[in-house]
Every structure is written in C-alpha cells, then in structure tokens.
file start14.cif (mmCIF, C-alpha atoms and all ligand atoms)
data_work
loop_
_atom_site.group_PDB
_atom_site.id
_atom_site.type_symbol
_atom_site.label_atom_id
_atom_site.label_comp_id
_atom_site.auth_asym_id
_atom_site.auth_seq_id
_atom_site.Cartn_x
_atom_site.Cartn_y
_atom_site.Cartn_z
ATOM 1 C CA MET A 1 117.326 61.372 122.795
ATOM 2 C CA THR A 2 116.336 64.090 120.435
ATOM 3 C CA PHE A 3 112.783 64.856 119.561
ATOM 4 C CA GLN A 4 110.658 67.216 117.586
ATOM 5 C CA ILE A 5 107.487 68.868 118.807
ATOM 6 C CA GLN A 6 104.882 70.269 116.457
ATOM 7 C CA ALA A 7 101.798 72.179 117.584
ATOM 8 C CA ILE A 8 98.817 71.375 115.379
ATOM 9 C CA ASP A 9 95.910 73.822 115.376
ATOM 10 C CA ILE A 10 92.779 71.656 115.376
ATOM 11 C CA GLY A 11 90.314 74.422 114.494
ATOM 12 C CA TYR A 12 88.414 73.997 117.765
ATOM 13 C CA LEU A 13 85.067 75.911 117.824
ATOM 14 C CA ASN A 14 85.832 76.635 114.163
ATOM 15 C CA LEU A 15 88.349 79.229 115.360
ATOM 16 C CA GLN A 16 91.991 79.749 114.567
ATOM 17 C CA ASP A 17 94.478 79.102 117.366
ATOM 18 C CA ALA A 18 91.814 78.111 119.874
ATOM 19 C CA ALA A 19 93.311 74.696 120.650
ATOM 20 C CA ASN A 20 96.248 72.511 119.729
ATOM 21 C CA VAL A 21 97.329 68.965 119.900
ATOM 22 C CA PHE A 22 101.055 68.288 120.038
ATOM 23 C CA LEU A 23 102.761 65.794 117.775
ATOM 24 C CA ILE A 24 106.004 64.523 119.238
ATOM 25 C CA GLU A 25 108.441 62.563 117.152
ATOM 26 C CA GLY A 26 110.976 60.663 119.219
ATOM 27 C CA PRO A 27 113.579 57.996 118.509
ATOM 28 C CA ALA A 28 110.947 55.228 118.603
ATOM 29 C CA GLY A 29 108.084 56.847 116.707
ATOM 30 C CA PHE A 30 105.245 59.234 117.365
ATOM 31 C CA ALA A 31 103.205 60.286 120.367
ATOM 32 C CA LEU A 32 100.423 62.804 120.662
ATOM 33 C CA VAL A 33 99.585 65.029 123.619
ATOM 34 C CA GLU A 34 95.810 65.691 123.577
ATOM 35 C CA SER A 35 93.415 64.290 120.981
ATOM 36 C CA GLY A 36 91.114 67.210 120.218
ATOM 37 C CA THR A 37 87.383 66.587 119.912
ATOM 38 C CA ALA A 38 85.634 64.037 117.749
ATOM 39 C CA THR A 39 84.503 66.894 115.466
ATOM 40 C CA THR A 40 88.033 68.249 114.986
ATOM 41 C CA ARG A 41 89.413 64.809 114.253
ATOM 42 C CA PRO A 42 89.062 64.915 110.440
ATOM 43 C CA LYS A 43 91.077 68.129 110.342
ATOM 44 C CA LEU A 44 93.670 66.675 112.700
ATOM 45 C CA VAL A 45 93.985 63.523 110.601
ATOM 46 C CA SER A 46 94.593 65.573 107.472
ATOM 47 C CA GLN A 47 97.153 67.719 109.301
ATOM 48 C CA LEU A 48 98.928 64.585 110.492
ATOM 49 C CA GLU A 49 98.896 63.148 106.984
ATOM 50 C CA GLN A 50 100.360 66.359 105.589
ATOM 51 C CA ARG A 51 103.246 65.682 107.941
ATOM 52 C CA GLY A 52 103.548 62.127 106.663
ATOM 53 C CA VAL A 53 102.022 60.558 109.779
ATOM 54 C CA HIS A 54 99.085 58.158 109.614
ATOM 55 C CA PRO A 55 96.906 58.178 112.773
ATOM 56 C CA THR A 56 97.604 54.467 113.343
ATOM 57 C CA GLN A 57 101.288 55.403 113.754
ATOM 58 C CA ILE A 58 100.388 57.233 116.964
ATOM 59 C CA MET A 59 101.289 54.510 119.399
ATOM 60 C CA ASP A 60 100.709 56.624 122.485
ATOM 61 C CA LEU A 61 98.177 59.327 123.204
ATOM 62 C CA LEU A 62 98.839 61.317 126.382
ATOM 63 C CA LEU A 63 95.968 63.327 127.854
ATOM 64 C CA THR A 64 96.322 66.184 130.335
ATOM 65 C CA HIS A 65 92.695 65.696 131.393
ATOM 66 C CA ILE A 66 89.415 64.380 130.020
ATOM 67 C CA HIS A 67 87.573 67.569 129.061
ATOM 68 C CA LEU A 68 86.385 67.003 125.544
ATOM 69 C CA ASP A 69 88.544 69.608 123.823
ATOM 70 C CA HIS A 70 91.507 67.571 125.116
ATOM 71 C CA ALA A 71 90.229 63.999 125.084
ATOM 72 C CA GLY A 72 87.085 63.858 122.919
ATOM 73 C CA ALA A 73 88.743 61.858 120.150
ATOM 74 C CA ALA A 74 90.633 59.475 122.464
ATOM 75 C CA GLY A 75 88.365 56.566 121.536
ATOM 76 C CA HIS A 76 88.983 57.158 117.842
ATOM 77 C CA PHE A 77 92.722 56.881 118.401
ATOM 78 C CA ALA A 78 92.186 53.812 120.552
ATOM 79 C CA ALA A 79 90.268 52.256 117.652
ATOM 80 C CA GLY A 80 93.471 52.722 115.650
ATOM 81 C CA ASP A 81 95.313 50.849 118.433
ATOM 82 C CA SER A 82 96.846 53.812 120.311
ATOM 83 C CA ARG A 83 97.463 53.406 124.004
ATOM 84 C CA VAL A 84 95.707 56.185 125.918
ATOM 85 C CA TRP A 85 97.408 57.568 129.053
ATOM 86 C CA VAL A 86 95.257 59.560 131.452
ATOM 87 C CA HIS A 87 94.927 60.409 135.160
ATOM 88 C CA SER A 88 93.595 57.395 137.059
ATOM 89 C CA PHE A 89 90.382 59.322 137.864
ATOM 90 C CA GLY A 90 89.804 59.790 134.138
ATOM 91 C CA VAL A 91 90.167 56.130 133.144
ATOM 92 C CA PRO A 92 86.570 54.997 133.924
ATOM 93 C CA HIS A 93 85.199 57.941 131.908
ATOM 94 C CA LEU A 94 87.164 56.977 128.824
ATOM 95 C CA ILE A 95 86.083 53.351 129.092
ATOM 96 C CA ASP A 96 82.443 54.350 129.567
ATOM 97 C CA PRO A 97 81.913 57.937 128.348
ATOM 98 C CA GLU A 98 78.190 58.183 129.235
ATOM 99 C CA LYS A 99 78.732 60.338 132.341
ATOM 100 C CA LEU A 100 81.282 62.490 130.568
ATOM 101 C CA ILE A 101 78.814 63.113 127.745
ATOM 102 C CA ALA A 102 76.047 64.021 130.199
ATOM 103 C CA SER A 103 78.275 66.390 132.165
ATOM 104 C CA SER A 104 79.623 68.056 129.011
ATOM 105 C CA ARG A 105 76.077 68.535 127.746
ATOM 106 C CA ARG A 106 75.240 70.231 131.049
ATOM 107 C CA VAL A 107 78.268 72.523 130.841
ATOM 108 C CA HIS A 108 78.108 73.336 127.130
ATOM 109 C CA GLY A 109 74.359 73.187 126.467
ATOM 110 C CA GLU A 110 73.379 73.539 122.835
ATOM 111 C CA MET A 111 77.011 74.028 121.803
ATOM 112 C CA TYR A 112 77.637 70.392 122.684
ATOM 113 C CA GLU A 113 76.213 68.818 119.513
ATOM 114 C CA ARG A 114 77.904 71.378 117.289
ATOM 115 C CA PHE A 115 81.382 71.172 118.682
ATOM 116 C CA TYR A 116 81.930 67.897 120.492
ATOM 117 C CA GLY A 117 80.309 65.102 118.474
ATOM 118 C CA ASP A 118 80.396 61.396 119.116
ATOM 119 C CA LEU A 119 82.519 59.938 121.879
ATOM 120 C CA TRP A 120 83.876 56.479 121.305
ATOM 121 C CA PRO A 121 84.686 54.326 124.315
ATOM 122 C CA THR A 122 88.325 53.396 124.832
ATOM 123 C CA PRO A 123 88.784 49.655 125.436
ATOM 124 C CA GLN A 124 89.853 48.950 129.010
ATOM 125 C CA SER A 125 93.086 47.272 127.882
ATOM 126 C CA GLN A 126 94.185 50.499 126.159
ATOM 127 C CA ALA A 127 93.206 53.015 128.869
ATOM 128 C CA LEU A 128 96.277 53.339 131.057
ATOM 129 C CA ALA A 129 96.060 55.018 134.463
ATOM 130 C CA VAL A 130 98.669 57.660 135.247
ATOM 131 C CA CYS A 131 99.529 58.835 138.749
ATOM 132 C CA ASP A 132 101.560 61.754 140.055
ATOM 133 C CA GLY A 133 105.277 61.400 139.404
ATOM 134 C CA GLN A 134 104.860 58.536 136.976
ATOM 135 C CA ILE A 135 107.213 58.310 134.041
ATOM 136 C CA ILE A 136 105.451 57.423 130.821
ATOM 137 C CA SER A 137 107.567 55.914 128.065
ATOM 138 C CA ALA A 138 106.288 56.935 124.662
ATOM 139 C CA ALA A 139 107.954 57.428 121.284
ATOM 140 C CA GLY A 140 111.224 56.366 122.936
ATOM 141 C CA LEU A 141 110.995 59.349 125.298
ATOM 142 C CA GLU A 142 110.156 59.804 128.965
ATOM 143 C CA PHE A 143 107.264 62.022 130.002
ATOM 144 C CA HIS A 144 107.014 62.893 133.690
ATOM 145 C CA ALA A 145 103.464 63.335 134.957
ATOM 146 C CA ILE A 146 102.955 66.253 137.345
ATOM 147 C CA GLU A 147 99.561 66.254 139.026
ATOM 148 C CA THR A 148 98.199 69.773 138.620
ATOM 149 C CA PRO A 149 94.611 70.057 139.907
ATOM 150 C CA GLY A 150 92.687 73.335 139.882
ATOM 151 C CA HIS A 151 91.082 73.604 136.456
ATOM 152 C CA ALA A 152 90.154 69.953 136.947
ATOM 153 C CA ARG A 153 90.933 67.589 139.792
ATOM 154 C CA HIS A 154 92.230 64.914 137.430
ATOM 155 C CA HIS A 155 94.743 67.112 135.597
ATOM 156 C CA HIS A 156 98.365 66.329 134.743
ATOM 157 C CA ALA A 157 101.072 68.409 133.171
ATOM 158 C CA LEU A 158 103.660 66.399 131.257
ATOM 159 C CA LEU A 159 107.356 67.202 131.469
ATOM 160 C CA LEU A 160 109.812 66.189 128.759
ATOM 161 C CA LYS A 161 113.498 66.834 129.421
ATOM 162 C CA HIS A 162 116.232 67.212 126.858
ATOM 163 C CA ALA A 163 119.732 68.496 127.670
ATOM 164 C CA ASP A 164 119.089 71.841 129.369
ATOM 165 C CA GLN A 165 115.566 72.109 127.955
ATOM 166 C CA ARG A 166 112.520 71.277 130.032
ATOM 167 C CA HIS A 167 109.353 71.203 128.000
ATOM 168 C CA ILE A 168 106.034 71.055 129.831
ATOM 169 C CA PHE A 169 102.715 70.331 128.189
ATOM 170 C CA VAL A 170 100.539 72.171 130.656
ATOM 171 C CA GLY A 171 97.032 71.376 129.403
ATOM 172 C CA ASP A 172 94.817 74.065 130.951
ATOM 173 C CA ALA A 173 96.887 74.558 134.109
ATOM 174 C CA LEU A 174 98.196 77.866 132.720
ATOM 175 C CA GLY A 175 94.866 79.011 131.329
ATOM 176 C CA ILE A 176 94.153 80.140 127.790
ATOM 177 C CA ALA A 177 96.438 82.526 125.936
ATOM 178 C CA VAL A 178 93.946 84.477 123.819
ATOM 179 C CA PRO A 179 95.379 84.751 120.260
ATOM 180 C CA ASN A 180 97.072 87.967 119.148
ATOM 181 C CA SER A 181 97.006 89.482 122.615
ATOM 182 C CA ASP A 182 98.778 89.427 125.974
ATOM 183 C CA PHE A 183 95.642 88.264 127.739
ATOM 184 C CA ILE A 184 95.503 85.051 129.736
ATOM 185 C CA SER A 185 91.991 83.807 130.349
ATOM 186 C CA ILE A 186 91.281 81.491 133.268
ATOM 187 C CA PRO A 187 88.764 78.717 132.533
ATOM 188 C CA THR A 188 86.972 77.731 135.774
ATOM 189 C CA PRO A 189 84.406 75.130 134.689
ATOM 190 C CA PRO A 190 82.277 72.976 136.976
ATOM 191 C CA PRO A 191 82.462 70.540 138.588
ATOM 192 C CA GLU A 192 86.125 70.474 139.660
ATOM 193 C CA PHE A 193 87.441 74.063 139.579
ATOM 194 C CA ASP A 194 89.412 74.645 142.780
ATOM 195 C CA PRO A 195 91.273 77.971 143.078
ATOM 196 C CA ILE A 196 93.406 76.915 146.042
ATOM 197 C CA ALA A 197 94.541 73.659 144.479
ATOM 198 C CA TRP A 198 95.252 75.609 141.295
ATOM 199 C CA GLN A 199 97.621 78.040 143.047
ATOM 200 C CA GLN A 200 99.476 75.056 144.501
ATOM 201 C CA SER A 201 99.704 73.534 141.039
ATOM 202 C CA LEU A 202 101.318 76.718 139.738
ATOM 203 C CA GLN A 203 103.998 76.262 142.374
ATOM 204 C CA ARG A 204 104.526 72.667 141.243
ATOM 205 C CA LEU A 205 105.033 73.945 137.719
ATOM 206 C CA ARG A 206 107.579 76.526 138.925
ATOM 207 C CA ASP A 207 109.359 73.800 140.877
ATOM 208 C CA ALA A 208 109.692 71.746 137.695
ATOM 209 C CA SER A 209 111.973 74.524 136.320
ATOM 210 C CA PRO A 210 110.411 74.680 132.876
ATOM 211 C CA THR A 211 111.961 76.352 129.875
ATOM 212 C CA HIS A 212 109.281 75.639 127.261
ATOM 213 C CA LEU A 213 105.594 75.975 128.151
ATOM 214 C CA TRP A 214 103.178 74.401 125.694
ATOM 215 C CA LEU A 215 99.576 75.497 126.284
ATOM 216 C CA THR A 216 96.830 73.447 124.683
ATOM 217 C CA HIS A 217 95.046 76.768 124.245
ATOM 218 C CA GLY A 218 97.824 79.058 123.068
ATOM 219 C CA GLY A 219 100.722 76.893 121.929
ATOM 220 C CA LEU A 220 104.330 77.644 122.851
ATOM 221 C CA GLN A 221 104.456 80.528 125.345
ATOM 222 C CA SER A 222 108.073 80.532 126.453
ATOM 223 C CA SER A 223 111.416 79.121 125.380
ATOM 224 C CA ASN A 224 113.676 79.897 128.325
ATOM 225 C CA ALA A 225 113.537 79.579 132.096
ATOM 226 C CA ALA A 226 113.102 83.282 132.864
ATOM 227 C CA ALA A 227 110.245 83.703 130.395
ATOM 228 C CA ALA A 228 108.575 80.564 131.709
ATOM 229 C CA LEU A 229 108.617 81.800 135.306
ATOM 230 C CA GLN A 230 107.350 85.181 134.223
ATOM 231 C CA PHE A 231 104.471 83.551 132.377
ATOM 232 C CA ILE A 232 103.542 81.434 135.406
ATOM 233 C CA ASP A 233 103.616 84.567 137.575
ATOM 234 C CA ARG A 234 101.234 86.288 135.193
ATOM 235 C CA VAL A 235 98.863 83.327 135.373
ATOM 236 C CA HIS A 236 99.144 83.422 139.169
ATOM 237 C CA ALA A 237 98.109 87.081 139.314
ATOM 238 C CA ARG A 238 95.307 86.564 136.809
ATOM 239 C CA LEU A 239 93.999 83.502 138.665
ATOM 240 C CA GLU A 240 93.961 85.377 141.948
ATOM 241 C CA GLU A 241 92.034 88.332 140.537
ATOM 242 C CA GLU A 242 89.624 86.168 138.616
ATOM 243 C CA SER A 243 88.862 83.765 141.455
ATOM 244 C CA ASP A 244 88.363 86.618 143.953
ATOM 245 C CA PHE A 245 85.919 88.305 141.609
ATOM 246 C CA LEU A 246 84.107 85.068 140.822
ATOM 247 C CA LYS A 247 83.864 84.045 144.459
ATOM 248 C CA LYS A 248 82.053 87.261 145.368
ATOM 249 C CA GLN A 249 79.656 86.795 142.467
ATOM 250 C CA ALA A 250 79.090 83.147 143.403
ATOM 251 C CA ILE A 251 78.236 84.014 147.002
ATOM 252 C CA ALA A 252 75.758 86.700 145.880
ATOM 253 C CA ILE A 253 74.087 84.295 143.433
ATOM 254 C CA MET A 254 73.837 81.543 146.044
ATOM 255 C CA ALA A 255 72.287 84.000 148.516
ATOM 256 C CA SER A 256 69.629 85.090 145.997
ATOM 257 C CA GLY A 257 67.418 82.025 146.400
ATOM 258 C CA ALA A 258 67.001 78.360 145.567
ATOM 259 C CA ARG A 259 68.686 77.136 142.380
ATOM 260 C CA GLU A 260 65.371 76.630 140.568
ATOM 261 C CA SER A 261 63.975 80.017 141.611
ATOM 262 C CA GLY A 262 63.466 82.989 139.320
ATOM 263 C CA ALA A 263 65.534 85.142 141.657
ATOM 264 C CA TYR A 264 68.510 82.800 141.283
ATOM 265 C CA GLN A 265 68.282 82.857 137.494
ATOM 266 C CA GLN A 266 68.015 86.657 137.586
ATOM 267 C CA ALA A 267 71.077 86.863 139.815
ATOM 268 C CA LEU A 268 73.011 84.554 137.475
ATOM 269 C CA LEU A 269 72.177 86.728 134.472
ATOM 270 C CA ALA A 270 73.052 89.917 136.330
ATOM 271 C CA ALA A 271 76.375 88.396 137.416
ATOM 272 C CA THR A 272 77.167 87.389 133.827
ATOM 273 C CA ASP A 273 76.672 91.012 132.790
ATOM 274 C CA GLU A 274 78.754 92.312 135.643
ATOM 275 C CA TYR A 275 81.494 89.783 134.866
ATOM 276 C CA LYS A 276 81.524 90.873 131.247
ATOM 277 C CA ASN A 277 81.728 94.552 132.222
ATOM 278 C CA TRP A 278 84.641 93.734 134.488
ATOM 279 C CA LEU A 279 86.547 91.332 132.226
ATOM 280 C CA HIS A 280 86.148 92.673 128.709
ATOM 281 C CA PRO A 281 87.824 96.061 129.275
ATOM 282 C CA GLN A 282 90.821 94.317 130.873
ATOM 283 C CA ALA A 283 91.061 91.900 127.964
ATOM 284 C CA ALA A 284 90.653 94.701 125.413
ATOM 285 C CA ALA A 285 93.432 96.649 127.151
ATOM 286 C CA ALA A 286 95.656 93.565 126.731
ATOM 287 C CA GLY A 287 94.988 93.616 123.005
ATOM 288 C CA VAL A 288 92.054 91.216 122.594
ATOM 289 C CA SER A 289 90.073 92.233 119.508
ATOM 290 C CA ALA A 290 86.321 92.866 119.693
ATOM 291 C CA ARG A 291 85.834 89.726 117.663
ATOM 292 C CA ASN A 292 87.937 87.597 119.992
ATOM 293 C CA LEU A 293 86.160 89.041 123.025
ATOM 294 C CA ALA A 294 82.963 87.575 121.617
ATOM 295 C CA GLN A 295 84.594 84.330 120.499
ATOM 296 C CA PHE A 296 86.840 83.550 123.445
ATOM 297 C CA LEU A 297 85.164 85.417 126.299
ATOM 298 C CA GLY A 298 81.524 85.312 125.228
ATOM 299 C CA ASP A 299 78.469 84.767 127.413
ATOM 300 C CA SER A 300 78.623 80.971 127.356
ATOM 301 C CA PHE A 301 82.244 81.024 128.572
ATOM 302 C CA LEU A 302 81.415 83.533 131.318
ATOM 303 C CA LEU A 303 78.418 81.507 132.414
ATOM 304 C CA MET A 304 80.525 78.345 132.533
ATOM 305 C CA ASN A 305 83.085 80.124 134.719
ATOM 306 C CA LEU A 306 80.385 81.447 137.068
ATOM 307 C CA GLN A 307 78.899 77.994 137.403
ATOM 308 C CA GLY A 308 82.319 76.576 138.212
ATOM 309 C CA ALA A 309 82.806 79.259 140.873
ATOM 310 C CA ILE A 310 79.383 78.528 142.399
ATOM 311 C CA ARG A 311 80.222 74.847 142.539
ATOM 312 C CA ALA A 312 83.599 75.599 144.139
ATOM 313 C CA ALA A 313 82.060 77.979 146.694
ATOM 314 C CA SER A 314 79.300 75.531 147.631
ATOM 315 C CA ALA A 315 81.796 72.676 147.945
ATOM 316 C CA ARG A 316 83.701 74.698 150.558
ATOM 317 C CA ALA A 317 80.629 76.093 152.326
HETATM 318 ZN ZN ZN B 1 90.658 73.004 127.523
#
call {"tool": "encode", "arguments": {"input": "start14.cif", "output": "structure tokens", "more": "lines below"}}
Ligand SMILES: [Zn+2]
result
Amino acid sequence: MTFQIQAIDIGYLNLQDAANVFLIEGPAGFALVESGTATTRPKLVSQLEQRGVHPTQIMDLLLTHIHLDHAGAAGHFAAGDSRVWVHSFGVPHLIDPEKLIASSRRVHGEMYERFYGDLWPTPQSQALAVCDGQIISAAGLEFHAIETPGHARHHHALLLKHADQRHIFVGDALGIAVPNSDFISIPTPPPEFDPIAWQQSLQRLRDASPTHLWLTHGGLQSSNAAAALQFIDRVHARLEEESDFLKKQAIAIMASGARESGAYQQALLAATDEYKNWLHPQAAAAGVSARNLAQFLGDSFLLMNLQGAIRAASARA
C-alpha cells in the first residue's frame, strides 16, 4: 500500500505558506485532507489540475475540523460528488452552514468577506460522521482518526501508516509553524479553545508514535520519530506559556466590567497591546520577520486568541 503525499499551498489570506491542503494518491485514487476556503478554491483547483487531478477525482475529503480555513470549500467538493468525512459534531454544520457562517463572522469580523467567501451546504448523504478511533477507507488507504480537542472540541488528527512510517495530519493540534522561522504560534479561537484538553491531545499524538507531522499551517515538520517527539514537546512548552499568559489577561479583562461596558473594551485593547509586547519579541527572536509578525501575529489574530481565552476562562468559572 504505497502512497504519495503532496502539500499544496492554497494562498490563504493571500500569503505564502499560510495554509495547505494535502493531496494523497493511494492505490485506489485520490483523497484530500482539508479543503481550504471557498476563496482559495480556484487556486487549489488549478494546482490540482497542474498535477493532472480534476477535482471530481477527489472521492474523499477528510477534514480535521470545520474552521473555514480547513473546511470552507467542503460543499464545493461535495457538489463534485466527494464524500466529506468530519467529526460527528461538525456534520450538522456542513449540512447547514448558517451557524458556522455567523460564528466565523463574529470571530473574523470584516476579514470574513475578504477571505472566506460563500459556503455551500454539503448534502446529508455525503457528510459522513467520524468518531475517535474510526478507520476511514479512502484512496485505497486507511486513515485512523485520533480525537484531538483543544484548538476545537471537534478536532481529529488523521494517522496514515506505511511500513515503519507513521504520517499524521494534525490539523491545528500542533499550532502554526510560522514560515521561515522556528516559531510555533498557538491559535486559541473561541468558542472551543480548551488548554487542558489540548495538553491531553498532545499526549495522544505522542502515543501514536508519529514519524511525519503534517501541519495544515506549516506543512511537513518532521520525518522521523525523534524529530516528531521533539516538535510535539516544543508545542507543549509553547502552549503552556501561551495559555498561562492568556489566562491571566482573560481574568483581568473579565474583572474590568460588563462585556458591553467601555471599561471592558478598554481592558481588551490594553491586553492586546500587552500580548503583542510579550509575544512579538519572542517570535522575532525565533526568526519571524517584521512582515510576518504583522501578517501572522497581527492585532486581529491576537484579539481572536484573547477572546478564545476569555471564553475558556468563563466556561471554567
Ligand atoms: Zn486553521
């Protein structure tokens, strides 16, 4: 059972190396892990065609979770007859994307229209629910679903074994490898960010003994077992630091007043500044360029992370 994996840069946010989808060619055809957004779809289609693959040849689309950078074009693939595999909690949102659209608009604000575009519903018959431990047969291969909540409750990593290789498509469970640097950024969006569940998910990934780690945001980050464990350890340390910092900020913001109050908004802005002053020097020290600081760790990203931390802190309070 040999296979070939190709990372395709979809030009997410009009940036280079910001997000990938993975084309997997197996003995029985093609599968895709992640769909990209509706707006990146034309570029993806042309990249597939350059590789001699027509989108209707993608019989199976596997999604790590339903955030729009991962699943926004699922309905378009479904219209071309792909089966769409997603965590059972994600299925209703693919069939009827209204809530997903509303929540993404809340999280991404004015960036939504620019970067996410139109969501097409996936017909119920093509939206297939995945649960933890399930083996998905696609392209003549077996993908093992590993439930990995933390970034999102409904998140799976997908393990593909071959001889002594163990490839895992980790979605966002190992954060974002910022291009041309050693920096791993931890995306903590509302409403499902859960730092404790996330740490447990890192252990599940270690336990799966990976060799190859494929990050949706960052591509291939390791190609042997030792490097894979080292990478997961780095994410672990980063997650711990980041969630400790964010938790303190979240508690201070929540204590400042009611959500609608001026004091709360002031506190949120002040925390965004403080977060930036804390994070950017660390990222710069790990080689992130000034330009990528603005593009990958800009105010809207920081604000999203703070809002995720507030939601997480209030859920536990
Ligand atoms: Zn993502």
call {"tool": "resolve_selection", "arguments": {"input": "start14.cif", "expression": "the PyMOL selection byres (((not hetatm)) within 7 of (chain B and resi 1))", "output": "PyMOL selection string"}}
result
chain A and resi 67+69-70+171-172+216-217
call {"tool": "resolve_selection", "arguments": {"input": "start14.cif", "expression": "the PyMOL selection byres (((chain A and resi 270) around 12) and not hetatm)", "output": "list in words"}}
result
Gln249, Ala250, Ala252, Ile253, Ser256, Ala263, Tyr264, Gln265, Gln266, Ala267, Leu268, Leu269, Ala271, Thr272, Asp273, Glu274, Tyr275, Lys276, Asn277, Asp299, Leu302, Leu303 and Leu306 of chain A
call {"tool": "closest_residue", "arguments": {"input": "start14.cif", "among": "A:His155, A:Arg106, A:Arg166, A:Lys161", "to": "Ser201 of chain A", "atoms": "only C-alpha atoms"}}
result
A:His155
call {"tool": "resolve_selection", "arguments": {"input": "start14.cif", "expression": "the PyMOL selection byres (((chain A and resi 10) around 8) and not hetatm)", "output": "PyMOL selection string"}}
result
chain A and resi 8-9+11-12+17-21+36+40-41+43-44
call {"tool": "write_last_selection", "arguments": {"input": "start14.cif", "atoms": "C-alpha atoms", "output": "short mmCIF file (atom, residue, chain, number, x, y, z; two decimals), keeping the file's coordinate frame"}}
result
data_model
loop_
_atom_site.label_atom_id
_atom_site.label_comp_id
_atom_site.auth_asym_id
_atom_site.auth_seq_id
_atom_site.Cartn_x
_atom_site.Cartn_y
_atom_site.Cartn_z
CA ILE A 8 98.82 71.38 115.38
CA ASP A 9 95.91 73.82 115.38
CA GLY A 11 90.31 74.42 114.49
CA TYR A 12 88.41 74.00 117.76
CA ASP A 17 94.48 79.10 117.37
CA ALA A 18 91.81 78.11 119.87
CA ALA A 19 93.31 74.70 120.65
CA ASN A 20 96.25 72.51 119.73
CA VAL A 21 97.33 68.96 119.90
CA GLY A 36 91.11 67.21 120.22
CA THR A 40 88.03 68.25 114.99
CA ARG A 41 89.41 64.81 114.25
CA LYS A 43 91.08 68.13 110.34
CA LEU A 44 93.67 66.68 112.70
#
call {"tool": "closest_residue", "arguments": {"input": "start14.cif", "among": "A:Pro195, A:Pro92, A:Gly287, A:Pro97", "to": "Thr148 of chain A", "atoms": "all atoms listed in the file"}}
result
A:Pro195
call {"tool": "closest_residue", "arguments": {"input": "start14.cif", "among": "A:Ala290, A:Leu61, A:Ala208, A:Ala197", "to": "Leu229 of chain A", "atoms": "all atoms listed in the file"}}
result
A:Ala208
call {"tool": "closest_residue", "arguments": {"input": "start14.cif", "among": "A:Val130, A:Leu15, A:Val107, A:Ile176", "to": "Ala294 of chain A", "atoms": "all atoms listed in the file"}}
result
A:Leu15
call {"tool": "residues_around", "arguments": {"input": "start14.cif", "residues": "Trp214 of chain A", "least_positions_apart": "2", "cutoff": "6 Å", "atoms": "only C-alpha atoms", "output": "JSON, numbers by chain"}}
result
{"A": [169, 219, 220]}
call {"tool": "residues_around", "arguments": {"input": "start14.cif", "residues": "Leu174 of chain A", "least_positions_apart": "6", "cutoff": "8 Å", "atoms": "all atoms listed in the file", "output": "list in words"}}
result
Ile186, Leu202, Leu215, Ile232 and Val235 of chain A
call {"tool": "atom_distance", "arguments": {"input": "start14.cif", "atom1": "atom CA of Ala228 of chain A", "atom2": "atom CA of Pro281 of chain A"}}
result
26.0 Å
call {"tool": "atom_distance", "arguments": {"input": "start14.cif", "atom1": "atom CA of Gln230 of chain A", "atom2": "atom CA of Gln134 of chain A"}}
result
26.9 Å
call {"tool": "atom_distance", "arguments": {"input": "start14.cif", "atom1": "atom CA of Glu260 of chain A", "atom2": "atom CA of Arg311 of chain A"}}
result
15.1 Å
call {"tool": "residues_around", "arguments": {"input": "start14.cif", "residues": "Leu63 of chain A", "least_positions_apart": "4", "cutoff": "12 Å", "atoms": "only C-alpha atoms", "output": "NGL selection string"}}
result
:A and (21-22 or 31-36 or 67-75 or 77 or 83-88 or 90-91 or 94 or 127-130 or 136 or 143 or 145 or 154-158 or 169-172 or 216)
call {"tool": "closest_residue", "arguments": {"input": "start14.cif", "among": "A:Ile196, A:Met254, A:Leu23, A:Glu240", "to": "Glu49 of chain A", "atoms": "all atoms listed in the file"}}
result
A:Leu23
call {"tool": "closest_residue", "arguments": {"input": "start14.cif", "among": "A:Arg153, A:Arg238, A:Arg259, A:His108", "to": "Ala177 of chain A", "atoms": "all atoms listed in the file"}}
result
A:Arg238
call {"tool": "build_atoms", "arguments": {"input": "start14.cif", "residues": "segment 134-145 of chain A", "atoms": "N, CA and C atoms", "output": "PDB file, in the frame of the given file"}}
result
ATOM      1  N   GLN A 134     104.614  59.683 137.867  1.00  0.00           N
ATOM      2  CA  GLN A 134     104.860  58.536 136.976  1.00  0.00           C
ATOM      3  C   GLN A 134     105.651  58.962 135.742  1.00  0.00           C
ATOM      4  N   ILE A 135     106.499  58.062 135.294  1.00  0.00           N
ATOM      5  CA  ILE A 135     107.213  58.310 134.041  1.00  0.00           C
ATOM      6  C   ILE A 135     106.580  57.450 132.958  1.00  0.00           C
ATOM      7  N   ILE A 136     106.110  58.121 131.930  1.00  0.00           N
ATOM      8  CA  ILE A 136     105.451  57.423 130.821  1.00  0.00           C
ATOM      9  C   ILE A 136     106.457  57.315 129.684  1.00  0.00           C
ATOM     10  N   SER A 137     106.680  56.094 129.216  1.00  0.00           N
ATOM     11  CA  SER A 137     107.567  55.914 128.065  1.00  0.00           C
ATOM     12  C   SER A 137     106.731  55.913 126.808  1.00  0.00           C
ATOM     13  N   ALA A 138     107.035  56.846 125.922  1.00  0.00           N
ATOM     14  CA  ALA A 138     106.288  56.935 124.662  1.00  0.00           C
ATOM     15  C   ALA A 138     107.217  57.508 123.609  1.00  0.00           C
ATOM     16  N   ALA A 139     107.134  56.982 122.415  1.00  0.00           N
ATOM     17  CA  ALA A 139     107.954  57.428 121.284  1.00  0.00           C
ATOM     18  C   ALA A 139     109.456  57.348 121.594  1.00  0.00           C
ATOM     19  N   GLY A 140     109.819  56.472 122.537  1.00  0.00           N
ATOM     20  CA  GLY A 140     111.224  56.366 122.936  1.00  0.00           C
ATOM     21  C   GLY A 140     111.666  57.496 123.847  1.00  0.00           C
ATOM     22  N   LEU A 141     110.710  58.214 124.416  1.00  0.00           N
ATOM     23  CA  LEU A 141     110.995  59.349 125.298  1.00  0.00           C
ATOM     24  C   LEU A 141     110.354  59.097 126.660  1.00  0.00           C
ATOM     25  N   GLU A 142     110.743  59.920 127.632  1.00  0.00           N
ATOM     26  CA  GLU A 142     110.156  59.804 128.965  1.00  0.00           C
ATOM     27  C   GLU A 142     109.382  61.072 129.294  1.00  0.00           C
ATOM     28  N   PHE A 143     108.119  60.902 129.596  1.00  0.00           N
ATOM     29  CA  PHE A 143     107.264  62.022 130.002  1.00  0.00           C
ATOM     30  C   PHE A 143     106.971  61.872 131.497  1.00  0.00           C
ATOM     31  N   HIS A 144     107.258  62.924 132.251  1.00  0.00           N
ATOM     32  CA  HIS A 144     107.014  62.893 133.690  1.00  0.00           C
ATOM     33  C   HIS A 144     105.670  63.538 133.988  1.00  0.00           C
ATOM     34  N   ALA A 145     104.798  62.790 134.648  1.00  0.00           N
ATOM     35  CA  ALA A 145     103.464  63.335 134.957  1.00  0.00           C
ATOM     36  C   ALA A 145     103.537  64.166 136.241  1.00  0.00           C
TER      37      ALA A 145
END
